[in-house]
Amino acid sequence: MTELIHAVTGDIIDYRPVSPVEVEYIIRVLGDRLEAAVPVLDELQRARYDAEEEYSRQLETAKLSSKREGYNDRRAEALLTCLPQLRVVNEAKAKLHHAERLQDALKAKLMGYQNINKVNGAAYSAGGVGR
């Protein structure tokens with residue numbers, strides 16, 4: 001079972017191929033979806049790096065501006081101060097990892113359909129169809 005997006009409505013459709021032509025169609029659709037995911041993953045990666053950079057900047061600034069005597073005390077105070085920014089970093093990482101897992105699932109599905117397509121081609125040529 002493959003979920004495809006309806007071209008007009010944008011609804012997700014459960015699609016079950018019944019012919020080699022339809023398997024090839026699914027391969028093209030999955031390939032297009034993987035290609036379209038690249039800019040999204042790049043954007044999520046950039047958001048993650050930006051969040052990490054901002055967190056590091058705020059953490060170091062908080063350590064430098066702390067009035068505590070010992071380094072460990074300054075560091076602990078800075079970590080507490082920067083917890084909201086750390087939450088932003090973790091959310092950015094979670095979004096990126098989720099998108100990467102979705103991309104991996106699409107790749108696995110694509111490979112499965114490519115294998116089905118290969119088997120269909122071998123079956124047709126072994127049976128003499130198309131000669």
# chains A, B, ... in the order shown; residues from 1 in each chain; ligands from 1
call {"tool": "select_by_dssp", "arguments": {"residues": "chain A", "states": "strand (DSSP E)", "output": "ChimeraX atom specification"}}
result
/A:2-5,12-15
call {"tool": "write_last_selection", "arguments": {"atoms": "N, CA, C and O atoms", "output": "mmCIF file, in the first residue's frame"}}
result
data_model
loop_
_atom_site.group_PDB
_atom_site.id
_atom_site.type_symbol
_atom_site.label_atom_id
_atom_site.label_comp_id
_atom_site.auth_asym_id
_atom_site.auth_seq_id
_atom_site.Cartn_x
_atom_site.Cartn_y
_atom_site.Cartn_z
ATOM 1 N N THR A 2 0.621 2.134 -0.884
ATOM 2 C CA THR A 2 1.396 3.361 -0.979
ATOM 3 C C THR A 2 0.452 4.543 -0.869
ATOM 4 O O THR A 2 -0.606 4.558 -1.470
ATOM 5 N N GLU A 3 0.877 5.525 -0.117
ATOM 6 C CA GLU A 3 0.093 6.742 -0.017
ATOM 7 C C GLU A 3 0.603 7.719 -1.059
ATOM 8 O O GLU A 3 1.794 7.993 -1.129
ATOM 9 N N LEU A 4 -0.295 8.192 -1.868
ATOM 10 C CA LEU A 4 0.041 9.204 -2.860
ATOM 11 C C LEU A 4 -0.811 10.427 -2.598
ATOM 12 O O LEU A 4 -1.861 10.356 -1.989
ATOM 13 N N ILE A 5 -0.357 11.546 -3.098
ATOM 14 C CA ILE A 5 -1.077 12.804 -2.928
ATOM 15 C C ILE A 5 -1.908 13.063 -4.182
ATOM 16 O O ILE A 5 -1.387 13.040 -5.290
ATOM 17 N N ILE A 12 -4.445 12.599 0.729
ATOM 18 C CA ILE A 12 -3.634 11.390 0.667
ATOM 19 C C ILE A 12 -4.527 10.237 0.224
ATOM 20 O O ILE A 12 -5.623 10.045 0.742
ATOM 21 N N ILE A 13 -4.035 9.487 -0.735
ATOM 22 C CA ILE A 13 -4.792 8.378 -1.303
ATOM 23 C C ILE A 13 -4.010 7.092 -1.048
ATOM 24 O O ILE A 13 -2.804 7.049 -1.271
ATOM 25 N N ASP A 14 -4.705 6.053 -0.592
ATOM 26 C CA ASP A 14 -4.074 4.732 -0.520
ATOM 27 C C ASP A 14 -4.139 4.148 -1.926
ATOM 28 O O ASP A 14 -5.214 3.974 -2.491
ATOM 29 N N TYR A 15 -2.977 3.838 -2.460
ATOM 30 C CA TYR A 15 -2.880 3.432 -3.862
ATOM 31 C C TYR A 15 -2.225 2.069 -3.939
ATOM 32 O O TYR A 15 -1.157 1.862 -3.382
#
call {"tool": "select_by_dssp", "arguments": {"residues": "segment 2-127 of chain A", "states": "alpha helix (DSSP H)", "output": "MDAnalysis selection string"}}
result
chainID A and resid 20:65 71:81 83:127
call {"tool": "residues_around", "arguments": {"residues": "Gly112 of chain A", "least_positions_apart": "3", "cutoff": "12 Å", "atoms": "only C-alpha atoms", "output": "list in words"}}
result
Met1, Thr2, Val23, Glu24, Ile26, Ile27, Leu30, Ala105, Leu106, Lys107, Ala108, Lys109, Asn115, Ile116, Asn117, Lys118 and Val119 of chain A
call {"tool": "residues_around", "arguments": {"residues": "Asp73 of chain A", "least_positions_apart": "5", "cutoff": "12 Å", "atoms": "only C-alpha atoms", "output": "list in words"}}
result
Ala62, Lys63, Leu64, Ser66, Lys67, Arg68, Ala78, Leu79 and Leu80 of chain A
call {"tool": "write_last_selection", "arguments": {"atoms": "N, CA, C and O atoms", "output": "PDB file, in the first residue's frame"}}
result
ATOM      1  N   ALA A  62      26.089  34.402  29.185  1.00  0.00           N
ATOM      2  CA  ALA A  62      25.591  34.254  30.556  1.00  0.00           C
ATOM      3  C   ALA A  62      26.721  33.865  31.503  1.00  0.00           C
ATOM      4  O   ALA A  62      26.767  34.338  32.649  1.00  0.00           O
ATOM      5  N   LYS A  63      27.640  33.031  31.053  1.00  0.00           N
ATOM      6  CA  LYS A  63      28.782  32.661  31.906  1.00  0.00           C
ATOM      7  C   LYS A  63      29.656  33.876  32.185  1.00  0.00           C
ATOM      8  O   LYS A  63      30.108  34.087  33.320  1.00  0.00           O
ATOM      9  N   LEU A  64      29.897  34.682  31.153  1.00  0.00           N
ATOM     10  CA  LEU A  64      30.758  35.857  31.321  1.00  0.00           C
ATOM     11  C   LEU A  64      30.122  36.925  32.201  1.00  0.00           C
ATOM     12  O   LEU A  64      30.817  37.642  32.927  1.00  0.00           O
ATOM     13  N   SER A  66      27.945  36.424  34.646  1.00  0.00           N
ATOM     14  CA  SER A  66      27.574  35.936  35.969  1.00  0.00           C
ATOM     15  C   SER A  66      28.451  36.576  37.049  1.00  0.00           C
ATOM     16  O   SER A  66      29.634  36.832  36.845  1.00  0.00           O
ATOM     17  N   LYS A  67      27.865  36.834  38.201  1.00  0.00           N
ATOM     18  CA  LYS A  67      28.584  37.432  39.340  1.00  0.00           C
ATOM     19  C   LYS A  67      29.098  36.361  40.312  1.00  0.00           C
ATOM     20  O   LYS A  67      29.689  36.678  41.324  1.00  0.00           O
ATOM     21  N   ARG A  68      28.868  35.093  39.986  1.00  0.00           N
ATOM     22  CA  ARG A  68      29.302  34.006  40.862  1.00  0.00           C
ATOM     23  C   ARG A  68      30.824  33.915  40.900  1.00  0.00           C
ATOM     24  O   ARG A  68      31.506  34.284  39.944  1.00  0.00           O
ATOM     25  N   ALA A  78      24.440  29.839  34.200  1.00  0.00           N
ATOM     26  CA  ALA A  78      24.256  30.083  32.765  1.00  0.00           C
ATOM     27  C   ALA A  78      23.394  29.000  32.129  1.00  0.00           C
ATOM     28  O   ALA A  78      22.525  29.292  31.299  1.00  0.00           O
ATOM     29  N   LEU A  79      23.620  27.761  32.524  1.00  0.00           N
ATOM     30  CA  LEU A  79      22.800  26.666  31.977  1.00  0.00           C
ATOM     31  C   LEU A  79      21.332  26.847  32.333  1.00  0.00           C
ATOM     32  O   LEU A  79      20.448  26.640  31.491  1.00  0.00           O
ATOM     33  N   LEU A  80      21.072  27.246  33.564  1.00  0.00           N
ATOM     34  CA  LEU A  80      19.684  27.493  33.972  1.00  0.00           C
ATOM     35  C   LEU A  80      19.081  28.668  33.209  1.00  0.00           C
ATOM     36  O   LEU A  80      17.920  28.634  32.810  1.00  0.00           O
TER      37      LEU A  80
END
call {"tool": "residues_around", "arguments": {"residues": "segment 43-60 of chain A", "least_positions_apart": "6", "cutoff": "7 Å", "atoms": "only C-alpha atoms", "output": "list in words"}}
result
Ala78, Leu79, Cys82, Gln85, Leu86, Val88, Val89, Ala92, Lys93 and Leu96 of chain A
call {"tool": "write_last_selection", "arguments": {"atoms": "all heavy atoms", "output": "PDB file, in the first residue's frame"}}
result
ATOM      1  N   ALA A  78      24.440  29.839  34.200  1.00  0.00           N
ATOM      2  CA  ALA A  78      24.256  30.083  32.765  1.00  0.00           C
ATOM      3  C   ALA A  78      23.394  29.000  32.129  1.00  0.00           C
ATOM      4  O   ALA A  78      22.525  29.292  31.299  1.00  0.00           O
ATOM      5  CB  ALA A  78      25.619  30.154  32.070  1.00  0.00           C
ATOM      6  N   LEU A  79      23.620  27.761  32.524  1.00  0.00           N
ATOM      7  CA  LEU A  79      22.800  26.666  31.977  1.00  0.00           C
ATOM      8  C   LEU A  79      21.332  26.847  32.333  1.00  0.00           C
ATOM      9  O   LEU A  79      20.448  26.640  31.491  1.00  0.00           O
ATOM     10  CB  LEU A  79      23.308  25.309  32.484  1.00  0.00           C
ATOM     11  CG  LEU A  79      24.618  24.820  31.877  1.00  0.00           C
ATOM     12  CD1 LEU A  79      25.131  23.592  32.619  1.00  0.00           C
ATOM     13  CD2 LEU A  79      24.436  24.512  30.402  1.00  0.00           C
ATOM     14  N   CYS A  82      19.795  29.614  30.250  1.00  0.00           N
ATOM     15  CA  CYS A  82      19.646  29.315  28.822  1.00  0.00           C
ATOM     16  C   CYS A  82      18.743  28.119  28.532  1.00  0.00           C
ATOM     17  O   CYS A  82      18.701  27.652  27.389  1.00  0.00           O
ATOM     18  CB  CYS A  82      21.024  29.090  28.203  1.00  0.00           C
ATOM     19  SG  CYS A  82      22.034  30.576  28.237  1.00  0.00           S
ATOM     20  N   GLN A  85      16.405  28.500  25.502  1.00  0.00           N
ATOM     21  CA  GLN A  85      17.082  28.385  24.210  1.00  0.00           C
ATOM     22  C   GLN A  85      17.472  26.935  23.926  1.00  0.00           C
ATOM     23  O   GLN A  85      17.431  26.491  22.793  1.00  0.00           O
ATOM     24  CB  GLN A  85      18.318  29.286  24.165  1.00  0.00           C
ATOM     25  CG  GLN A  85      19.029  29.304  22.836  1.00  0.00           C
ATOM     26  CD  GLN A  85      18.144  29.784  21.697  1.00  0.00           C
ATOM     27  OE1 GLN A  85      17.288  30.635  21.884  1.00  0.00           O
ATOM     28  NE2 GLN A  85      18.333  29.218  20.511  1.00  0.00           N
ATOM     29  N   LEU A  86      17.828  26.186  24.967  1.00  0.00           N
ATOM     30  CA  LEU A  86      18.132  24.767  24.786  1.00  0.00           C
ATOM     31  C   LEU A  86      16.896  24.018  24.302  1.00  0.00           C
ATOM     32  O   LEU A  86      16.994  23.116  23.469  1.00  0.00           O
ATOM     33  CB  LEU A  86      18.645  24.161  26.100  1.00  0.00           C
ATOM     34  CG  LEU A  86      19.024  22.684  26.062  1.00  0.00           C
ATOM     35  CD1 LEU A  86      20.119  22.443  25.029  1.00  0.00           C
ATOM     36  CD2 LEU A  86      19.454  22.207  27.435  1.00  0.00           C
ATOM     37  N   VAL A  88      14.610  25.281  22.379  1.00  0.00           N
ATOM     38  CA  VAL A  88      14.514  25.621  20.951  1.00  0.00           C
ATOM     39  C   VAL A  88      15.462  24.740  20.131  1.00  0.00           C
ATOM     40  O   VAL A  88      15.098  24.238  19.067  1.00  0.00           O
ATOM     41  CB  VAL A  88      14.820  27.124  20.725  1.00  0.00           C
ATOM     42  CG1 VAL A  88      14.940  27.454  19.255  1.00  0.00           C
ATOM     43  CG2 VAL A  88      13.749  27.988  21.374  1.00  0.00           C
ATOM     44  N   VAL A  89      16.673  24.533  20.644  1.00  0.00           N
ATOM     45  CA  VAL A  89      17.648  23.673  19.960  1.00  0.00           C
ATOM     46  C   VAL A  89      17.099  22.252  19.848  1.00  0.00           C
ATOM     47  O   VAL A  89      17.142  21.631  18.778  1.00  0.00           O
ATOM     48  CB  VAL A  89      19.001  23.662  20.703  1.00  0.00           C
ATOM     49  CG1 VAL A  89      19.919  22.578  20.170  1.00  0.00           C
ATOM     50  CG2 VAL A  89      19.669  25.020  20.603  1.00  0.00           C
ATOM     51  N   ALA A  92      14.352  21.983  17.257  1.00  0.00           N
ATOM     52  CA  ALA A  92      14.907  22.030  15.895  1.00  0.00           C
ATOM     53  C   ALA A  92      15.527  20.681  15.524  1.00  0.00           C
ATOM     54  O   ALA A  92      15.347  20.186  14.412  1.00  0.00           O
ATOM     55  CB  ALA A  92      15.943  23.151  15.784  1.00  0.00           C
ATOM     56  N   LYS A  93      16.236  20.074  16.471  1.00  0.00           N
ATOM     57  CA  LYS A  93      16.827  18.758  16.224  1.00  0.00           C
ATOM     58  C   LYS A  93      15.741  17.713  15.996  1.00  0.00           C
ATOM     59  O   LYS A  93      15.864  16.862  15.111  1.00  0.00           O
ATOM     60  CB  LYS A  93      17.700  18.325  17.399  1.00  0.00           C
ATOM     61  CG  LYS A  93      19.029  19.016  17.490  1.00  0.00           C
ATOM     62  CD  LYS A  93      19.799  18.459  18.694  1.00  0.00           C
ATOM     63  CE  LYS A  93      21.126  19.124  18.873  1.00  0.00           C
ATOM     64  NZ  LYS A  93      21.845  18.590  20.049  1.00  0.00           N
ATOM     65  N   LEU A  96      14.231  18.022  12.532  1.00  0.00           N
ATOM     66  CA  LEU A  96      15.168  17.530  11.524  1.00  0.00           C
ATOM     67  C   LEU A  96      15.217  16.006  11.536  1.00  0.00           C
ATOM     68  O   LEU A  96      15.144  15.369  10.480  1.00  0.00           O
ATOM     69  CB  LEU A  96      16.561  18.103  11.759  1.00  0.00           C
ATOM     70  CG  LEU A  96      17.659  17.569  10.840  1.00  0.00           C
ATOM     71  CD1 LEU A  96      17.368  17.925   9.386  1.00  0.00           C
ATOM     72  CD2 LEU A  96      19.010  18.099  11.263  1.00  0.00           C
TER      73      LEU A  96
END
